[in-house]
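See below for coords.tsv, which holds TSV, C-alpha atoms.
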```tsv
chain	number	residue	atom	x	y	z
J	1	MET	CA	23.82	18.36	114.94
J	2	GLU	CA	20.32	17.13	114.21
J	3	PRO	CA	18.66	15.53	117.31
J	4	ASP	CA	18.02	12.17	115.56
J	5	LEU	CA	21.58	11.83	114.26
J	6	ARG	CA	23.98	9.40	115.93
J	7	ILE	CA	27.66	9.36	115.00
J	8	PHE	CA	29.95	6.38	115.60
J	9	ARG	CA	33.69	6.95	115.46
J	10	GLY	CA	34.85	3.45	114.67
J	11	LEU	CA	33.67	-0.15	114.58
J	12	GLN	CA	34.52	-0.54	118.28
J	13	GLU	CA	31.55	1.70	119.14
J	14	LEU	CA	29.10	-0.73	117.50
J	15	THR	CA	28.77	-2.62	120.76
J	16	SER	CA	25.51	-4.50	120.19
J	17	PRO	CA	23.38	-5.82	117.31
J	18	GLY	CA	20.91	-3.26	116.07
J	19	ILE	CA	22.77	-0.23	117.40
J	20	PHE	CA	23.41	0.93	113.82
J	21	GLY	CA	21.06	-1.02	111.53
J	22	PRO	CA	19.22	-2.54	109.83
J	23	CYS	CA	19.89	0.31	107.46
J	24	VAL	CA	19.74	1.72	103.99
J	25	LEU	CA	23.36	2.73	103.50
J	26	THR	CA	25.53	4.85	101.26
J	27	ILE	CA	29.33	4.95	101.24
J	28	GLY	CA	31.70	7.75	100.30
J	29	ASN	CA	33.75	10.76	101.31
J	30	PHE	CA	31.07	13.36	100.52
J	31	ASP	CA	33.46	16.31	100.69
J	32	GLY	CA	31.47	19.51	100.40
J	33	LEU	CA	28.20	17.56	100.19
J	34	HIS	CA	27.49	18.84	96.68
J	35	ALA	CA	24.42	18.34	94.47
J	36	GLY	CA	25.42	14.81	93.45
J	37	HIS	CA	25.99	13.77	97.05
J	38	ARG	CA	22.65	15.28	98.05
J	39	GLN	CA	20.84	13.27	95.42
J	40	ILE	CA	22.27	10.03	96.83
J	41	LEU	CA	21.52	11.00	100.44
J	42	GLN	CA	17.96	12.06	99.66
J	43	ARG	CA	17.41	8.73	97.92
J	44	VAL	CA	18.79	6.92	101.00
J	45	VAL	CA	16.35	8.79	103.25
J	46	GLU	CA	13.42	8.02	100.93
J	47	ARG	CA	14.21	4.29	100.75
J	48	ALA	CA	14.85	4.04	104.48
J	49	ALA	CA	11.44	5.52	105.22
J	50	ARG	CA	9.74	3.18	102.78
J	51	GLU	CA	11.57	0.08	104.01
J	52	GLU	CA	11.36	1.05	107.70
J	53	CYS	CA	15.14	1.05	108.09
J	54	VAL	CA	17.64	3.58	109.37
J	55	ALA	CA	19.08	6.09	106.85
J	56	ALA	CA	22.83	5.67	107.20
J	57	VAL	CA	26.22	6.77	105.86
J	58	LEU	CA	29.62	5.11	105.98
J	59	THR	CA	32.40	7.62	105.45
J	60	PHE	CA	36.13	7.68	106.09
J	61	ASP	CA	38.37	9.77	108.32
J	62	PRO	CA	40.90	10.83	107.26
J	63	HIS	CA	40.26	11.10	103.52
J	64	PRO	CA	41.69	7.87	101.99
J	65	THR	CA	44.05	9.77	99.70
J	66	LYS	CA	45.80	11.24	102.75
J	67	VAL	CA	46.83	7.70	103.67
J	68	VAL	CA	47.54	6.04	100.32
J	69	ALA	CA	48.90	9.06	98.39
J	70	PRO	CA	49.39	12.03	100.75
J	71	ASP	CA	51.20	14.08	98.11
J	72	ARG	CA	48.01	13.97	96.00
J	73	ALA	CA	45.53	14.50	98.82
J	74	PRO	CA	42.97	17.19	97.93
J	75	ARG	CA	42.33	20.28	100.02
J	76	LEU	CA	38.98	19.61	101.62
J	77	LEU	CA	35.89	21.75	101.14
J	78	SER	CA	34.43	20.88	104.53
J	79	THR	CA	35.41	19.53	107.91
J	80	MET	CA	34.02	16.23	109.09
J	81	GLU	CA	31.89	18.06	111.65
J	82	GLN	CA	30.39	20.29	108.94
J	83	ARG	CA	29.74	17.28	106.71
J	84	CYS	CA	27.95	15.40	109.47
J	85	ALA	CA	25.80	18.44	110.30
J	86	LEU	CA	24.78	18.81	106.65
J	87	MET	CA	23.97	15.10	106.43
J	88	GLY	CA	21.84	15.30	109.55
J	89	GLY	CA	19.98	18.22	108.04
J	90	LEU	CA	19.04	16.02	105.08
J	91	GLY	CA	17.59	13.31	107.31
J	92	ILE	CA	20.52	10.92	107.81
J	93	GLU	CA	20.17	9.12	111.16
J	94	ARG	CA	23.43	7.15	111.53
J	95	ILE	CA	26.97	7.93	110.44
J	96	LEU	CA	29.97	5.65	110.85
J	97	LEU	CA	33.26	7.55	110.68
J	98	LEU	CA	35.52	4.65	109.79
J	99	PRO	CA	39.19	5.44	110.53
J	100	PHE	CA	40.99	4.89	107.25
J	101	ASP	CA	44.28	3.08	107.81
J	102	TRP	CA	46.39	0.41	106.17
J	103	ASN	CA	44.30	-2.35	107.75
J	104	ILE	CA	41.26	-1.09	105.84
J	105	THR	CA	43.24	-0.93	102.59
J	106	ARG	CA	44.09	-4.64	102.90
J	107	LEU	CA	40.49	-5.85	103.02
J	108	THR	CA	39.42	-7.57	99.82
J	109	PRO	CA	36.14	-6.33	98.32
J	110	GLU	CA	34.30	-9.36	99.72
J	111	GLU	CA	35.86	-8.95	103.17
J	112	PHE	CA	34.89	-5.27	103.20
J	113	VAL	CA	31.31	-6.09	102.27
J	114	PHE	CA	30.82	-9.04	104.62
J	115	GLN	CA	32.77	-7.85	107.67
J	116	ILE	CA	31.60	-4.24	107.65
J	117	LEU	CA	28.46	-3.74	105.57
J	118	VAL	CA	26.76	-7.00	106.48
J	119	GLU	CA	28.00	-8.07	109.93
J	120	LYS	CA	28.56	-4.67	111.54
J	121	LEU	CA	26.13	-2.31	109.80
J	122	GLN	CA	23.33	-4.74	108.85
J	123	ALA	CA	22.85	-3.11	105.44
J	124	ARG	CA	19.59	-4.02	103.73
J	125	ALA	CA	20.24	-1.76	100.74
J	126	VAL	CA	23.43	-0.04	99.56
J	127	LEU	CA	23.27	3.05	97.33
J	128	VAL	CA	26.37	4.38	95.59
J	129	GLY	CA	27.40	6.51	92.65
J	130	GLU	CA	28.33	5.15	89.24
J	131	GLY	CA	32.09	5.33	89.80
J	132	PHE	CA	32.13	3.69	93.23
J	133	ARG	CA	35.19	1.51	93.97
J	134	PHE	CA	36.02	-0.42	97.13
J	135	GLY	CA	38.34	-2.99	98.66
J	136	ALA	CA	42.08	-3.57	98.35
J	137	LYS	CA	43.57	-1.74	95.37
J	138	ALA	CA	40.05	-0.46	94.60
J	139	ALA	CA	39.37	-3.83	92.97
J	140	GLY	CA	35.63	-3.73	93.67
J	141	ASN	CA	33.17	-1.91	91.43
J	142	THR	CA	29.39	-1.54	91.22
J	143	VAL	CA	28.97	-4.82	89.33
J	144	LEU	CA	30.80	-6.76	92.06
J	145	LEU	CA	28.88	-4.88	94.76
J	146	ALA	CA	25.59	-6.00	93.20
J	147	GLU	CA	26.83	-9.61	92.99
J	148	LEU	CA	27.89	-9.56	96.65
J	149	GLY	CA	24.57	-8.03	97.58
J	150	LEU	CA	22.74	-10.98	96.04
J	151	ARG	CA	25.01	-13.33	97.98
J	152	TYR	CA	24.69	-11.60	101.35
J	153	GLY	CA	21.11	-10.34	101.26
J	154	PHE	CA	21.14	-6.66	100.42
J	155	THR	CA	19.99	-4.81	97.33
J	156	THR	CA	22.23	-2.46	95.39
J	157	GLU	CA	21.13	0.76	93.74
J	158	ILE	CA	23.37	2.86	91.49
J	159	VAL	CA	22.41	6.54	91.65
J	160	PRO	CA	23.27	8.42	88.44
J	161	ALA	CA	25.54	11.45	88.57
J	162	ILE	CA	24.21	15.00	88.32
J	163	ALA	CA	25.48	17.23	85.53
J	164	PHE	CA	25.60	21.03	85.41
J	165	ARG	CA	25.91	22.59	81.96
J	166	GLY	CA	27.00	19.28	80.50
J	167	LYS	CA	29.66	18.48	83.12
J	168	VAL	CA	29.34	16.03	86.01
J	169	VAL	CA	29.31	17.81	89.37
J	170	SER	CA	32.43	16.94	91.37
J	171	SER	CA	34.25	18.14	94.47
J	172	SER	CA	37.40	18.82	92.42
J	173	ASP	CA	35.48	21.10	90.04
J	174	ILE	CA	34.01	22.97	93.00
J	175	ARG	CA	37.48	23.45	94.49
J	176	ARG	CA	38.65	24.99	91.24
J	177	ALA	CA	35.62	27.28	91.06
J	178	ILE	CA	36.16	28.57	94.60
J	179	ALA	CA	39.90	29.00	94.13
J	180	SER	CA	39.23	31.15	91.05
J	181	GLY	CA	36.60	33.24	92.85
J	182	GLU	CA	33.56	31.75	91.07
J	183	VAL	CA	31.58	31.46	94.30
J	184	ALA	CA	28.17	31.85	92.63
J	185	ARG	CA	28.96	28.89	90.36
J	186	ALA	CA	30.20	26.90	93.36
J	187	ALA	CA	26.90	27.61	95.15
J	188	ARG	CA	24.95	26.18	92.22
J	189	LEU	CA	27.05	23.02	92.30
J	190	LEU	CA	26.79	22.70	96.08
J	191	LYS	CA	23.09	23.64	96.22
J	192	ARG	CA	24.10	26.09	98.97
J	193	PRO	CA	26.63	28.91	99.40
J	194	TYR	CA	30.21	27.91	100.12
J	195	PHE	CA	31.07	29.02	103.64
J	196	LEU	CA	34.03	29.56	105.94
J	197	GLU	CA	33.81	29.25	109.70
J	198	GLY	CA	36.13	30.41	112.43
J	199	GLU	CA	36.76	32.82	115.25
J	200	ILE	CA	36.92	36.60	115.23
J	201	VAL	CA	40.37	37.97	116.00
J	202	SER	CA	41.76	41.45	116.51
J	203	GLY	CA	42.93	43.24	113.37
J	204	HIS	CA	45.42	46.07	113.01
J	205	GLY	CA	42.84	48.69	113.96
J	206	ILE	CA	43.47	50.66	110.79
J	207	GLY	CA	40.12	49.93	109.15
J	208	SER	CA	37.96	51.24	111.99
J	209	LYS	CA	39.95	54.49	112.07
J	210	GLN	CA	40.52	55.19	108.37
J	211	THR	CA	37.94	53.21	106.37
J	212	VAL	CA	35.20	51.05	107.93
J	213	PRO	CA	35.10	48.69	110.94
J	214	THR	CA	35.39	45.02	110.06
J	215	LEU	CA	35.23	41.57	111.60
J	216	ASN	CA	38.49	39.68	111.04
J	217	LEU	CA	38.05	35.95	110.56
J	218	LYS	CA	40.61	33.33	111.50
J	219	THR	CA	39.77	30.02	109.86
J	220	SER	CA	41.37	26.61	109.43
J	221	ALA	CA	39.52	26.04	106.12
J	222	GLU	CA	41.66	24.38	103.46
J	223	VAL	CA	39.96	26.00	100.44
J	224	LEU	CA	39.72	29.81	100.31
J	225	PRO	CA	38.09	31.92	97.59
J	226	ALA	CA	40.53	33.87	95.41
J	227	ASN	CA	41.64	37.25	96.72
J	228	GLY	CA	38.98	39.86	96.09
J	229	VAL	CA	35.80	41.47	97.37
J	230	TYR	CA	32.63	39.39	97.78
J	231	ILE	CA	28.99	39.79	98.70
J	232	THR	CA	28.54	37.57	101.73
J	233	ARG	CA	26.09	36.64	104.45
J	234	THR	CA	27.47	36.57	107.99
J	235	ARG	CA	26.04	34.34	110.71
J	236	ASP	CA	26.88	34.52	114.41
J	237	LEU	CA	27.42	30.87	115.37
J	238	GLY	CA	26.61	31.73	118.97
J	239	SER	CA	23.38	33.74	118.78
J	240	GLY	CA	22.27	32.75	115.29
J	241	GLY	CA	22.14	36.40	114.20
J	242	ARG	CA	22.54	37.05	110.46
J	243	TRP	CA	23.63	40.08	108.46
J	244	PRO	CA	24.17	40.91	104.81
J	245	SER	CA	27.82	41.82	104.41
J	246	ILE	CA	30.79	42.36	102.11
J	247	THR	CA	34.07	40.55	102.61
J	248	ASN	CA	37.60	41.24	101.40
J	249	ILE	CA	40.10	38.40	101.13
J	250	GLY	CA	43.62	39.63	100.51
J	251	ILE	CA	46.72	41.31	101.82
J	252	ARG	CA	45.42	44.90	102.26
J	253	PRO	CA	47.79	46.44	99.65
J	254	THR	CA	46.61	50.02	100.37
J	255	PHE	CA	48.21	49.63	103.80
J	256	ASP	CA	51.24	47.71	102.46
J	257	GLY	CA	50.06	44.48	104.04
J	258	ASP	CA	51.80	41.17	103.38
J	259	ALA	CA	49.69	38.66	105.31
J	260	LEU	CA	46.39	37.22	104.11
J	261	THR	CA	43.33	38.55	105.95
J	262	ILE	CA	39.60	37.90	105.71
J	263	GLU	CA	37.77	41.10	106.67
J	264	THR	CA	34.00	41.50	106.73
J	265	PHE	CA	31.93	44.69	106.89
J	266	LEU	CA	28.37	44.14	108.13
J	267	LEU	CA	25.60	46.00	106.29
J	268	GLY	CA	23.44	45.95	109.41
J	269	ALA	CA	24.06	47.04	112.99
J	270	LEU	CA	25.17	44.61	115.67
J	271	GLU	CA	22.34	44.17	118.15
J	272	ARG	CA	24.60	42.60	120.74
J	273	SER	CA	28.32	42.31	121.39
J	274	THR	CA	30.75	41.39	118.62
J	275	PRO	CA	30.41	37.70	117.67
J	276	SER	CA	33.19	35.39	118.78
J	277	GLN	CA	32.63	32.81	116.01
J	278	ILE	CA	31.00	33.33	112.63
J	279	ARG	CA	30.09	31.61	109.40
J	280	LEU	CA	30.72	33.53	106.16
J	281	GLU	CA	28.58	32.44	103.21
J	282	PHE	CA	30.01	33.57	99.85
J	283	LEU	CA	27.28	34.63	97.43
J	284	HIS	CA	28.82	36.72	94.63
J	285	ARG	CA	32.20	38.16	93.64
J	286	ILE	CA	32.28	41.96	93.18
J	287	ARG	CA	35.85	42.74	92.12
J	288	ASP	CA	39.55	42.03	92.49
J	289	GLU	CA	41.46	43.40	95.45
J	290	ARG	CA	43.59	46.38	94.41
J	291	LYS	CA	45.78	49.07	95.88
J	292	PHE	CA	44.33	52.57	96.27
J	293	ASP	CA	46.24	55.83	96.49
J	294	ASN	CA	45.03	56.54	100.01
J	295	PRO	CA	42.57	55.31	102.65
J	296	GLU	CA	39.94	57.85	101.55
J	297	ALA	CA	39.89	56.41	98.02
J	298	LEU	CA	39.58	52.90	99.47
J	299	LYS	CA	36.70	53.99	101.71
J	300	ALA	CA	34.89	55.52	98.73
J	301	GLN	CA	35.26	52.22	96.84
J	302	ILE	CA	33.97	50.28	99.85
J	303	MET	CA	30.85	52.47	99.86
J	304	ARG	CA	30.35	51.66	96.16
J	305	ASP	CA	30.78	47.97	97.00
J	306	VAL	CA	28.15	48.37	99.73
J	307	LYS	CA	25.68	49.80	97.20
J	308	THR	CA	26.40	46.90	94.85
J	309	ALA	CA	25.72	44.45	97.68
J	310	GLN	CA	22.51	46.23	98.71
J	311	LYS	CA	21.21	46.01	95.14
J	312	TYR	CA	22.09	42.32	95.09
J	313	PHE	CA	20.18	41.61	98.30
J	314	ARG	CA	17.14	43.63	97.15
J	315	ARG	CA	17.09	41.74	93.86
J	316	THR	CA	17.49	38.30	95.42
J	317	ALA	CA	14.87	39.09	98.08
J	318	SER	CA	12.48	40.13	95.33
J	319	ASN	CA	13.17	36.96	93.33
J	320	ASP	CA	12.74	34.76	96.40
J	321	SER	CA	9.44	36.44	97.23
J	322	ARG	CA	8.18	36.06	93.65
J	323	LEU	CA	9.17	32.38	93.52
J	324	GLY	CA	7.99	31.64	97.03
J	325	SER	CA	11.39	30.29	98.06
J	326	LYS	CA	14.27	31.09	100.37
J	327	PRO	CA	17.89	31.74	99.36
J	328	ILE	CA	20.02	28.59	99.38
```
Represent the structure of the file as structure tokens.
Amino acid sequence: MEPDLRIFRGLQELTSPGIFGPCVLTIGNFDGLHAGHRQILQRVVERAAREECVAAVLTFDPHPTKVVAPDRAPRLLSTMEQRCALMGGLGIERILLLPFDWNITRLTPEEFVFQILVEKLQARAVLVGEGFRFGAKAAGNTVLLAELGLRYGFTTEIVPAIAFRGKVVSSSDIRRAIASGEVARAARLLKRPYFLEGEIVSGHGIGSKQTVPTLNLKTSAEVLPANGVYITRTRDLGSGGRWPSITNIGIRPTFDGDALTIETFLLGALERSTPSQIRLEFLHRIRDERKFDNPEALKAQIMRDVKTAQKYFRRTASNDSRLGSKPI
């Protein structure tokens, strides 16, 4: 987490006036923290600096749909811990993780605004997206929020949505892109690569003997890229070491596998011991997973995949150098 970020896990932790605000505040779920979310958060940080307030976020845990309509609850792109870390990296200083329960759903729009935004959080400005709804039965909208702001002393700013190729960026669209293997498109919508995190576990030992040695990831992520082979970047969450890599998500059909595995082959040597926890950033899809006649044929294909990945990294490094930027 960023050193200036403070996280409060409920209203009971707001034990004294001024512990959270006065603040410039935004409200939402921010799953995945995509380009549209980033635009709102960056605007919050800008206004907070100008108005000498704290840049703050009110978000909900669990996701409201898991309470009011659990059968329709979306698979989440990010954990709350990941979301908070990304927010802190953008300059957010305070986050309230408001437990979402039936008591919250019963608050009228005015009760929600007065009891939480005004009394508890001391909001001086509230920034939300165009489709923002709040209060019991989602009865509140941006027009009502602005009216209540005039009544209770905060300004309201509606931040327009961001579109990509004529379509508004949304978490649901990103989920579909990842699930279909379109990780490069997802990265453009997220303004960063989609990543999985987890611990390294022992595999079957077949790869290191018959093809290539791999790191086997165990993750609790709810959204996985479609089965296939990807160009990835691997980060050791302990040491911070990074490697270009290729990753296979699938069932290892050449070895008659039946359980899903996430196996990564590093394109650079390990300088230390094998990582215990890693982050896999998905950059580009190479091909579908398929069954080969024998391990030798699979190994030959892996070496071709390695060459494809090496060309990709040379090209992107060249582009980044020419543009004077770093990869997202």
* Structure fact -> Separating CA of Ile40 (chain J) from CA of Thr26 (chain J), to the nearest tenth of an Å, is a gap of 7.6 Å
* When distances are computed from all atoms listed in the file, which of J:Arg124, J:Arg252, J:Arg290, J:Arg314 shows the smallest separation from Val54 (chain J)? ->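 Of the candidates, the smallest distance to Val54 (chain J) is held by J:Arg124.
Taking CA of Leu267 (chain J) and CA of Ala221 (chain J) as the two end points, the separation is 24.3 Å.
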* **Shell around region 90-102 of chain J at 7 Å using only C-alpha atoms, local window under 6 positions removed, as a list in words** =>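 Counting only the stated atoms, we get Asp4, Leu5, Arg6, Ile7, Phe8, Arg9, Gly10, Phe20, Gln42, Val45, Val54, Ala55, Ala56, Val57, Leu58, Thr59, Phe60, Asp61, Pro62, Pro64 and Val67 of chain J.
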* Could you work out how far CA of Thr65 (chain J) lies from CA of Ile104 (chain J), giving the answer in Å with one decimal? -> 12.8 Å
* To do: Kindly provide, as an MDAnalysis selection string, the polymer residues lying within 6 Å of (22.0, -1.5, 98.9), counting only C-alpha atoms and using the coordinates exactly as they appear in the file.
  => chainID J and resid 124:127 154:157
Go through region 25-140 of chain J residue by residue and, counting all atoms listed in the file, keep those with an atom at most 10 Å from region 160-179 of chain J; for each kept residue give the shortest atom pair and its distance in Å to one decimal, ordered by chain and increasing number, as a tab-separated table.
```
residue	atom	partner	partner_atom	distance
J:Phe30	CA	J:Ser171	CA	8.3
J:Asp31	CA	J:Ser171	CA	6.5
J:Gly32	CA	J:Ser171	CA	6.7
J:Leu33	CA	J:Ser171	CA	8.3
J:His34	CA	J:Ser171	CA	7.1
J:Ala35	CA	J:Ile162	CA	7.0
J:Gly36	CA	J:Ile162	CA	5.3
J:His37	CA	J:Ala161	CA	8.8
J:Arg38	CA	J:Ile162	CA	9.9
J:Gln39	CA	J:Ile162	CA	8.0
J:Ile40	CA	J:Pro160	CA	8.6
J:Pro74	CA	J:Ser172	CA	8.0
J:Arg75	CA	J:Arg175	CA	8.0
J:Leu76	CA	J:Arg175	CA	8.2
J:Leu77	CA	J:Arg175	CA	7.0
J:Val128	CA	J:Pro160	CA	8.8
J:Gly129	CA	J:Pro160	CA	6.2
J:Glu130	CA	J:Pro160	CA	6.1
J:Gly131	CA	J:Ala161	CA	9.0
```
Taking (33.3, 32.9, 105.0) in the coordinates of the supplied file, I want to know which residues reach to within 7 Å of it, counting only C-alpha atoms; could you give the answer as a PDB file with C-alpha atoms, keeping the file's coordinate frame?
```pdb
ATOM      1  CA  PHE J 195      31.070  29.020 103.640  1.00  0.00           C
ATOM      2  CA  LEU J 196      34.030  29.560 105.940  1.00  0.00           C
ATOM      3  CA  GLU J 197      33.810  29.250 109.700  1.00  0.00           C
ATOM      4  CA  ARG J 279      30.090  31.610 109.400  1.00  0.00           C
ATOM      5  CA  LEU J 280      30.720  33.530 106.160  1.00  0.00           C
ATOM      6  CA  GLU J 281      28.580  32.440 103.210  1.00  0.00           C
ATOM      7  CA  PHE J 282      30.010  33.570  99.850  1.00  0.00           C
TER       8      PHE J 282
END
```
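The list of residues with at least one atom within 8 Å of Thr247 (chain J), based on only C-alpha atoms and without residues fewer than 4 positions apart in the same chain, reads Val229, Tyr230, Ile231, Thr232, Ile262, Glu263, Thr264 and Phe265 of chain J.
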